[in-house]
$ cat protein_27.pdb   # PDB, C-alpha atoms
ATOM      1  CA  MET A  22     -21.485 -19.572  -7.111
ATOM      2  CA  LYS A  23     -20.330 -21.753  -9.986
ATOM      3  CA  LEU A  24     -20.343 -25.528 -10.022
ATOM      4  CA  ASN A  25     -16.995 -27.036  -8.911
ATOM      5  CA  THR A  26     -15.907 -23.971  -6.967
ATOM      6  CA  ILE A  27     -13.736 -25.203  -4.093
ATOM      7  CA  ILE A  28     -14.195 -23.506  -0.724
ATOM      8  CA  LYS A  29     -12.344 -23.752   2.565
ATOM      9  CA  LEU A  30     -13.916 -23.142   5.965
ATOM     10  CA  PRO A  31     -12.111 -21.470   8.891
ATOM     11  CA  ASP A  32     -11.907 -24.881  10.606
ATOM     12  CA  GLY A  33      -9.907 -26.220   7.628
ATOM     13  CA  ARG A  34     -12.616 -28.341   6.014
ATOM     14  CA  VAL A  35     -12.684 -28.202   2.216
ATOM     15  CA  GLY A  36     -15.690 -28.721  -0.036
ATOM     16  CA  THR A  37     -16.781 -28.561  -3.672
ATOM     17  CA  ILE A  38     -19.871 -26.564  -4.624
ATOM     18  CA  CYS A  39     -22.573 -28.575  -6.417
ATOM     19  CA  TYR A  40     -25.831 -27.084  -5.090
ATOM     20  CA  ASN A  41     -27.368 -23.620  -5.512
ATOM     21  CA  TYR A  42     -31.044 -23.549  -4.490
ATOM     22  CA  ASN A  43     -31.942 -23.093  -0.786
ATOM     23  CA  GLY A  44     -28.512 -21.593  -0.283
ATOM     24  CA  ILE A  45     -25.166 -22.517  -1.756
ATOM     25  CA  GLY A  46     -23.948 -25.972  -0.843
ATOM     26  CA  GLY A  47     -21.740 -28.855  -1.815
ATOM     27  CA  ILE A  48     -20.054 -32.017  -0.686
ATOM     28  CA  TRP A  49     -16.903 -32.449   1.380
ATOM     29  CA  GLY A  50     -13.597 -32.947  -0.376
ATOM     30  CA  ILE A  51     -12.252 -31.958  -3.763
ATOM     31  CA  HIS A  52     -14.311 -33.151  -6.743
ATOM     32  CA  HIS A  53     -15.030 -32.251 -10.327
ATOM     33  CA  PHE A  54     -18.541 -32.591 -11.749
ATOM     34  CA  GLU A  55     -19.542 -32.327 -15.391
ATOM     35  CA  ILE A  56     -22.400 -29.912 -16.053
ATOM     36  CA  PRO A  57     -25.483 -32.164 -15.935
ATOM     37  CA  GLU A  58     -28.473 -32.194 -18.252
ATOM     38  CA  ASN A  59     -30.724 -32.122 -15.172
ATOM     39  CA  ASP A  60     -30.040 -31.426 -11.515
ATOM     40  CA  ASP A  61     -30.778 -34.993 -10.408
ATOM     41  CA  GLU A  62     -27.363 -36.039 -11.707
ATOM     42  CA  LEU A  63     -25.541 -33.973  -9.060
ATOM     43  CA  PRO A  64     -25.133 -35.343  -5.517
ATOM     44  CA  ALA A  65     -27.246 -34.054  -2.644
ATOM     45  CA  PRO A  66     -25.365 -31.430  -0.634
ATOM     46  CA  GLU A  67     -23.583 -32.416   2.582
ATOM     47  CA  PHE A  68     -23.200 -28.791   3.691
ATOM     48  CA  ILE A  69     -24.947 -25.469   3.074
ATOM     49  CA  LEU A  70     -23.259 -22.061   3.331
ATOM     50  CA  ARG A  71     -25.926 -20.534   5.590
ATOM     51  CA  ASP A  72     -26.002 -19.359   9.178
ATOM     52  CA  LYS A  73     -25.256 -22.184  11.615
ATOM     53  CA  ASN A  74     -28.450 -21.333  13.520
ATOM     54  CA  PHE A  75     -30.415 -23.022  10.730
ATOM     55  CA  GLY A  76     -28.949 -26.359  11.881
ATOM     56  CA  THR A  77     -29.610 -28.556   8.856
ATOM     57  CA  ILE A  78     -31.429 -28.044   5.575
ATOM     58  CA  MET A  79     -32.465 -31.153   3.626
ATOM     59  CA  GLY A  80     -30.108 -33.168   5.822
ATOM     60  CA  ALA A  81     -27.124 -30.917   5.002
ATOM     61  CA  GLU A  82     -25.185 -29.176   7.773
ATOM     62  CA  CYS A  83     -25.372 -25.382   7.782
ATOM     63  CA  VAL A  84     -21.733 -24.388   8.273
ATOM     64  CA  GLY A  85     -22.005 -20.593   8.353
ATOM     65  CA  GLU A  86     -21.209 -17.953   5.780
ATOM     66  CA  ASP A  87     -17.538 -17.468   6.613
ATOM     67  CA  TYR A  88     -15.469 -19.244   3.955
ATOM     68  CA  GLU A  89     -12.673 -18.704   1.452
ATOM     69  CA  VAL A  90     -12.944 -19.446  -2.267
ATOM     70  CA  VAL A  91      -9.818 -21.482  -2.965
ATOM     71  CA  LEU A  92     -10.313 -22.308  -6.618
ATOM     72  CA  MET A  93     -12.939 -21.676  -9.250
ATOM     73  CA  ASP A  94     -13.467 -24.279 -11.950
ATOM     74  CA  SER A  95     -13.077 -21.664 -14.679
ATOM     75  CA  LEU A  96      -9.410 -21.327 -13.701
ATOM     76  CA  LEU A  97      -8.822 -25.011 -14.368
ATOM     77  CA  LYS A  98     -10.460 -24.876 -17.790
ATOM     78  CA  THR A  99      -7.761 -22.481 -19.029
ATOM     79  CA  ASN A 100      -5.179 -25.256 -18.581
ATOM     80  CA  PRO A 101      -6.511 -28.466 -20.158
ATOM     81  CA  VAL A 102      -3.104 -30.154 -19.843
ATOM     82  CA  LEU A 103      -3.597 -30.940 -16.136
ATOM     83  CA  LYS A 104      -5.320 -34.286 -15.730
ATOM     84  CA  GLY A 105      -5.498 -37.144 -13.283
ATOM     85  CA  GLU A 106      -2.919 -37.059 -10.495
ATOM     86  CA  ASP A 107      -1.398 -33.798 -11.781
ATOM     87  CA  ALA A 108      -4.755 -32.030 -11.506
ATOM     88  CA  ASP A 109      -5.372 -33.529  -8.044
ATOM     89  CA  ARG A 110      -1.921 -32.408  -6.877
ATOM     90  CA  PHE A 111      -2.467 -28.909  -8.277
ATOM     91  CA  ILE A 112      -5.795 -28.523  -6.491
ATOM     92  CA  GLU A 113      -4.338 -29.941  -3.273
ATOM     93  CA  ASN A 114      -1.503 -27.382  -3.441
ATOM     94  CA  MET A 115      -4.017 -24.588  -4.025
ATOM     95  CA  VAL A 116      -6.037 -25.683  -1.002
ATOM     96  CA  ASN A 117      -3.059 -26.181   1.320
ATOM     97  CA  VAL A 118      -0.951 -23.130   0.583
ATOM     98  CA  LYS A 119       2.224 -23.129   2.663
ATOM     99  CA  PRO A 120       3.097 -19.741   4.172
ATOM    100  CA  ILE A 121       6.398 -18.316   2.971
ATOM    101  CA  SER A 122       9.196 -17.481   5.397
ATOM    102  CA  LYS A 123      10.198 -13.980   6.444
ATOM    103  CA  GLU A 124      13.437 -14.377   4.445
ATOM    104  CA  GLU A 125      11.532 -15.340   1.282
ATOM    105  CA  MET A 126       9.177 -12.383   1.750
ATOM    106  CA  GLU A 127      12.135 -10.006   2.154
ATOM    107  CA  ALA A 128      13.773 -11.410  -1.004
ATOM    108  CA  ILE A 129      10.538 -10.911  -2.969
ATOM    109  CA  GLU A 130      10.197  -7.347  -1.677
ATOM    110  CA  SER A 131      13.828  -6.595  -2.540
ATOM    111  CA  SER A 132      13.364  -7.897  -6.093
ATOM    112  CA  TYR A 133      10.155  -5.897  -6.461
ATOM    113  CA  GLN A 134      11.849  -2.686  -5.311
ATOM    114  CA  ALA A 135      14.763  -3.276  -7.706
ATOM    115  CA  ILE A 136      12.401  -3.758 -10.647
ATOM    116  CA  LYS A 137      10.366  -0.731  -9.596
ATOM    117  CA  ALA A 138      13.529   1.386  -9.427
ATOM    118  CA  MET A 139      14.663   0.141 -12.825
ATOM    119  CA  GLU A 140      11.305   0.987 -14.414
ATOM    120  CA  SER A 141      11.359   4.524 -13.050
ATOM    121  CA  ARG A 142      14.946   5.328 -14.117
ATOM    122  CA  THR A 143      15.777   7.074 -17.354
ATOM    123  CA  LEU A 144      19.003   6.973 -19.378
ATOM    124  CA  TYR A 145      19.834  10.363 -17.869
ATOM    125  CA  ASP A 146      19.538   8.836 -14.368
ATOM    126  CA  TYR A 147      22.057   6.160 -15.333
ATOM    127  CA  ASP A 148      24.423   8.881 -16.601
ATOM    128  CA  LYS A 149      24.467  10.295 -13.066
ATOM    129  CA  LEU A 150      25.064   6.798 -11.656
ATOM    130  CA  GLY A 151      28.128   6.243 -13.817
ATOM    131  CA  VAL A 152      26.676   4.353 -16.786
ATOM    132  CA  CYS A 153      26.122   6.032 -20.158
ATOM    133  CA  ALA A 154      23.913   4.210 -22.652
ATOM    134  CA  TYR A 155      22.729   5.899 -25.819
ATOM    135  CA  ILE A 156      20.854   5.047 -29.005
ATOM    136  CA  TYR A 157      21.993   5.904 -32.493
ATOM    137  CA  TYR A 158      20.912   5.105 -36.040
ATOM    138  CA  SER A 159      23.408   3.097 -38.083
ATOM    139  CA  ILE A 160      23.402   3.870 -41.799
ATOM    140  CA  THR A 161      25.445   0.755 -42.538
ATOM    141  CA  THR A 162      23.026  -1.673 -40.864
ATOM    142  CA  GLY A 163      19.896   0.382 -41.509
ATOM    143  CA  GLY A 164      18.616   0.187 -37.941
ATOM    144  CA  PHE A 165      18.955   1.512 -34.421
ATOM    145  CA  ALA A 166      21.735   0.379 -32.100
ATOM    146  CA  VAL A 167      22.713   0.819 -28.452
ATOM    147  CA  GLU A 168      26.181   1.729 -27.181
ATOM    148  CA  CYS A 169      27.104   1.688 -23.493
ATOM    149  CA  TYR A 170      30.051   3.057 -21.484
ATOM    150  CA  ARG A 171      30.750   3.145 -17.765
ATOM    151  CA  LYS A 172      33.004   5.016 -15.351
ATOM    152  CA  LYS A 173      36.203   3.282 -14.399
ATOM    153  CA  THR A 174      36.221   1.436 -11.106
ATOM    154  CA  LYS A 175      38.447   2.565  -8.224
ATOM    155  CA  GLU A 176      40.922  -0.195  -9.109
ATOM    156  CA  GLU A 177      41.035   0.806 -12.793
ATOM    157  CA  ILE A 178      41.779   4.505 -12.190
ATOM    158  CA  LYS A 179      45.550   5.173 -12.469
ATOM    159  CA  GLY A 180      45.460   8.725 -11.091
ATOM    160  CA  ASP A 181      43.458  11.969 -10.908
ATOM    161  CA  TRP A 182      44.112  12.561 -14.618
ATOM    162  CA  ASP A 183      42.657   9.133 -15.576
ATOM    163  CA  LYS A 184      38.944   9.872 -15.967
ATOM    164  CA  GLU A 185      38.331   7.986 -19.169
ATOM    165  CA  TRP A 186      35.176   5.893 -19.401
ATOM    166  CA  VAL A 187      35.356   2.314 -20.623
ATOM    167  CA  TRP A 188      33.244   0.512 -23.174
ATOM    168  CA  ALA A 189      30.603  -1.715 -21.530
ATOM    169  CA  GLY A 190      28.423  -3.079 -24.314
ATOM    170  CA  HIS A 191      26.839  -2.790 -27.726
ATOM    171  CA  ILE A 192      23.562  -4.106 -29.148
ATOM    172  CA  LYS A 193      22.464  -3.613 -32.747
ATOM    173  CA  GLY A 194      19.585  -4.564 -34.996
ATOM    174  CA  PHE A 195      16.489  -2.672 -33.822
ATOM    175  CA  ASP A 196      13.935  -1.548 -36.406
ATOM    176  CA  ILE A 197      12.238   1.009 -34.156
ATOM    177  CA  ARG A 198      13.669   3.428 -31.621
ATOM    178  CA  PRO A 199      11.354   2.502 -28.668
ATOM    179  CA  GLU A 200      12.606  -1.101 -28.842
ATOM    180  CA  ALA A 201      16.206   0.148 -28.804
ATOM    181  CA  GLU A 202      15.433   2.427 -25.829
ATOM    182  CA  SER A 203      13.988  -0.489 -23.877
ATOM    183  CA  HIS A 204      17.147  -2.550 -24.466
ATOM    184  CA  ALA A 205      19.338   0.455 -23.651
ATOM    185  CA  LEU A 206      17.687   0.739 -20.241
ATOM    186  CA  LYS A 207      18.114  -2.992 -19.590
ATOM    187  CA  LEU A 208      21.774  -2.863 -20.603
ATOM    188  CA  ALA A 209      22.395   0.210 -18.441
ATOM    189  CA  GLU A 210      20.727  -1.482 -15.468
ATOM    190  CA  SER A 211      22.761  -4.651 -15.996
ATOM    191  CA  VAL A 212      26.069  -2.749 -16.163
ATOM    192  CA  TYR A 213      25.117  -0.594 -13.180
ATOM    193  CA  ASN A 214      24.233  -3.627 -11.044
ATOM    194  CA  GLU A 215      27.527  -5.298 -11.944
ATOM    195  CA  PHE A 216      29.744  -2.293 -11.113
ATOM    196  CA  LYS A 217      27.793  -0.092  -8.661
ATOM    197  CA  ASP A 218      29.794  -1.270  -5.637
ATOM    198  CA  LYS A 219      33.105  -0.730  -7.438
ATOM    199  CA  PHE A 220      32.741   2.922  -8.550
TER     200      PHE A 220
END
$ encode --input "protein_27.pdb" --output "structure tokens"
Amino acid sequence: MKLNTIIKLPDGRVGTICYNYNGIGGIWGIHHFEIPENDDELPAPEFILRDKNFGTIMGAECVGEDYEVVLMDSLLKTNPVLKGEDADRFIENMVNVKPISKEEMEAIESSYQAIKAMESRTLYDYDKLGVCAYIYYSITTGGFAVECYRKKTKEEIKGDWDKEWVWAGHIKGFDIRPEAESHALKLAESVYNEFKDKF
């Protein structure tokens, strides 16, 4: 296990790994050690991640092998901006993660399902849902563009004869068709979400 890995025991105690010889060990609390030139520069371990039946090894408590890796030092190195109190607060928040509520979990799941549905839909699917988005090449602008129409809402329809679709959006300026298709799908999804309860 790497130096500065932060672990959390089932009893809630938190430690920082700084020892890796007769078992993996460290000292209690959250710390950050620079890689030493020789091992004497690191502190002696206060705990060892070995079976509790060993009691103590070199004066360090054997705390068992059931633990959770909360943070590895390599993750911190990717963000050199965090220093001082900001880094301490970040690590503290990583160690003491607050559980989210049932309502928050349901909102996350709902958002995930909506995104998943959007990714799996095609322009043809939106046609069936009442939104027509299509891509065309404009000779005048020299690029691809997106045009979008939608069915009229119940309030907009004047009678059985009034089936005309209404304009819902236009985006131009795409050099390649796949980019235009991606924006067409996003526009269709946006229009559908705005009017789906009104069709």
$ resolve_selection --input "protein_27.pdb" --expression "the PyMOL selection byres ((chain A and resi 40) around 8)" --output "PDB file with C-alpha atoms, in the frame of the given file"
ATOM      1  CA  LEU A  24     -20.343 -25.528 -10.022  1.00  0.00           C
ATOM      2  CA  ILE A  38     -19.871 -26.564  -4.624  1.00  0.00           C
ATOM      3  CA  CYS A  39     -22.573 -28.575  -6.417  1.00  0.00           C
ATOM      4  CA  ASN A  41     -27.368 -23.620  -5.512  1.00  0.00           C
ATOM      5  CA  TYR A  42     -31.044 -23.549  -4.490  1.00  0.00           C
ATOM      6  CA  GLY A  44     -28.512 -21.593  -0.283  1.00  0.00           C
ATOM      7  CA  ILE A  45     -25.166 -22.517  -1.756  1.00  0.00           C
ATOM      8  CA  GLY A  46     -23.948 -25.972  -0.843  1.00  0.00           C
ATOM      9  CA  GLY A  47     -21.740 -28.855  -1.815  1.00  0.00           C
ATOM     10  CA  LEU A  63     -25.541 -33.973  -9.060  1.00  0.00           C
ATOM     11  CA  ALA A  65     -27.246 -34.054  -2.644  1.00  0.00           C
ATOM     12  CA  PRO A  66     -25.365 -31.430  -0.634  1.00  0.00           C
TER      13      PRO A  66
END
$ resolve_selection --input "protein_27.pdb" --expression "the PyMOL selection byres ((chain A and resi 212) around 12)" --output "PyMOL selection string"
chain A and resi 147-148+150-154+168-173+187-191+205-211+213-220
$ resolve_selection --input "protein_27.pdb" --expression "the PyMOL selection byres ((chain A and resi 26-28) around 6)" --output "PDB file with C-alpha atoms, in the coordinates of the input"
ATOM      1  CA  LYS A  23     -20.330 -21.753  -9.986  1.00  0.00           C
ATOM      2  CA  LEU A  24     -20.343 -25.528 -10.022  1.00  0.00           C
ATOM      3  CA  ASN A  25     -16.995 -27.036  -8.911  1.00  0.00           C
ATOM      4  CA  LYS A  29     -12.344 -23.752   2.565  1.00  0.00           C
ATOM      5  CA  VAL A  35     -12.684 -28.202   2.216  1.00  0.00           C
ATOM      6  CA  GLY A  36     -15.690 -28.721  -0.036  1.00  0.00           C
ATOM      7  CA  THR A  37     -16.781 -28.561  -3.672  1.00  0.00           C
ATOM      8  CA  ILE A  38     -19.871 -26.564  -4.624  1.00  0.00           C
ATOM      9  CA  GLU A  89     -12.673 -18.704   1.452  1.00  0.00           C
ATOM     10  CA  VAL A  90     -12.944 -19.446  -2.267  1.00  0.00           C
ATOM     11  CA  VAL A  91      -9.818 -21.482  -2.965  1.00  0.00           C
ATOM     12  CA  LEU A  92     -10.313 -22.308  -6.618  1.00  0.00           C
ATOM     13  CA  MET A  93     -12.939 -21.676  -9.250  1.00  0.00           C
ATOM     14  CA  ASP A  94     -13.467 -24.279 -11.950  1.00  0.00           C
TER      15      ASP A  94
END
$ axis_aligned_box --input "protein_27.pdb" --around "region 197-202 of chain A" --padding-each-side "5 Å" --output "AutoDock Vina command-line options"
--center_x 13.8 --center_y 1.2 --center_z -30.0 --size_x 14.9 --size_y 14.5 --size_z 18.3
$ atom_distance --input "protein_27.pdb" --atom1 "CA of His53 (chain A)" --atom2 "CA of Gly76 (chain A)"
26.9 Å
$ closest_residue --input "protein_27.pdb" --among "A:Lys104, A:Lys184, A:Met22, A:Tyr133" --to "Leu70 (chain A)" --atoms "only C-alpha atoms"
A:Met22
$ atom_distance --input "protein_27.pdb" --atom1 "CA of Asp109 (chain A)" --atom2 "CA of Ile51 (chain A)"
8.3 Å
$ atom_distance --input "protein_27.pdb" --atom1 "CA of Ile197 (chain A)" --atom2 "CA of Ala166 (chain A)"
9.7 Å
$ closest_residue --input "protein_27.pdb" --among "A:Gly180, A:Glu185, A:Glu124, A:Glu202" --to "Tyr158 (chain A)" --atoms "only C-alpha atoms"
A:Glu202
$ residues_around --input "protein_27.pdb" --residues "Gly105 (chain A)" --least-positions-apart "5" --cutoff "12 Å" --atoms "all atoms listed in the file" --output "PyMOL selection string"
chain A and resi 52-53+110-112
$ residues_around --input "protein_27.pdb" --residues "Gly85 (chain A)" --least-positions-apart "4" --cutoff "10 Å" --atoms "all atoms listed in the file" --output "PyMOL selection string"
chain A and resi 30-31+68-76
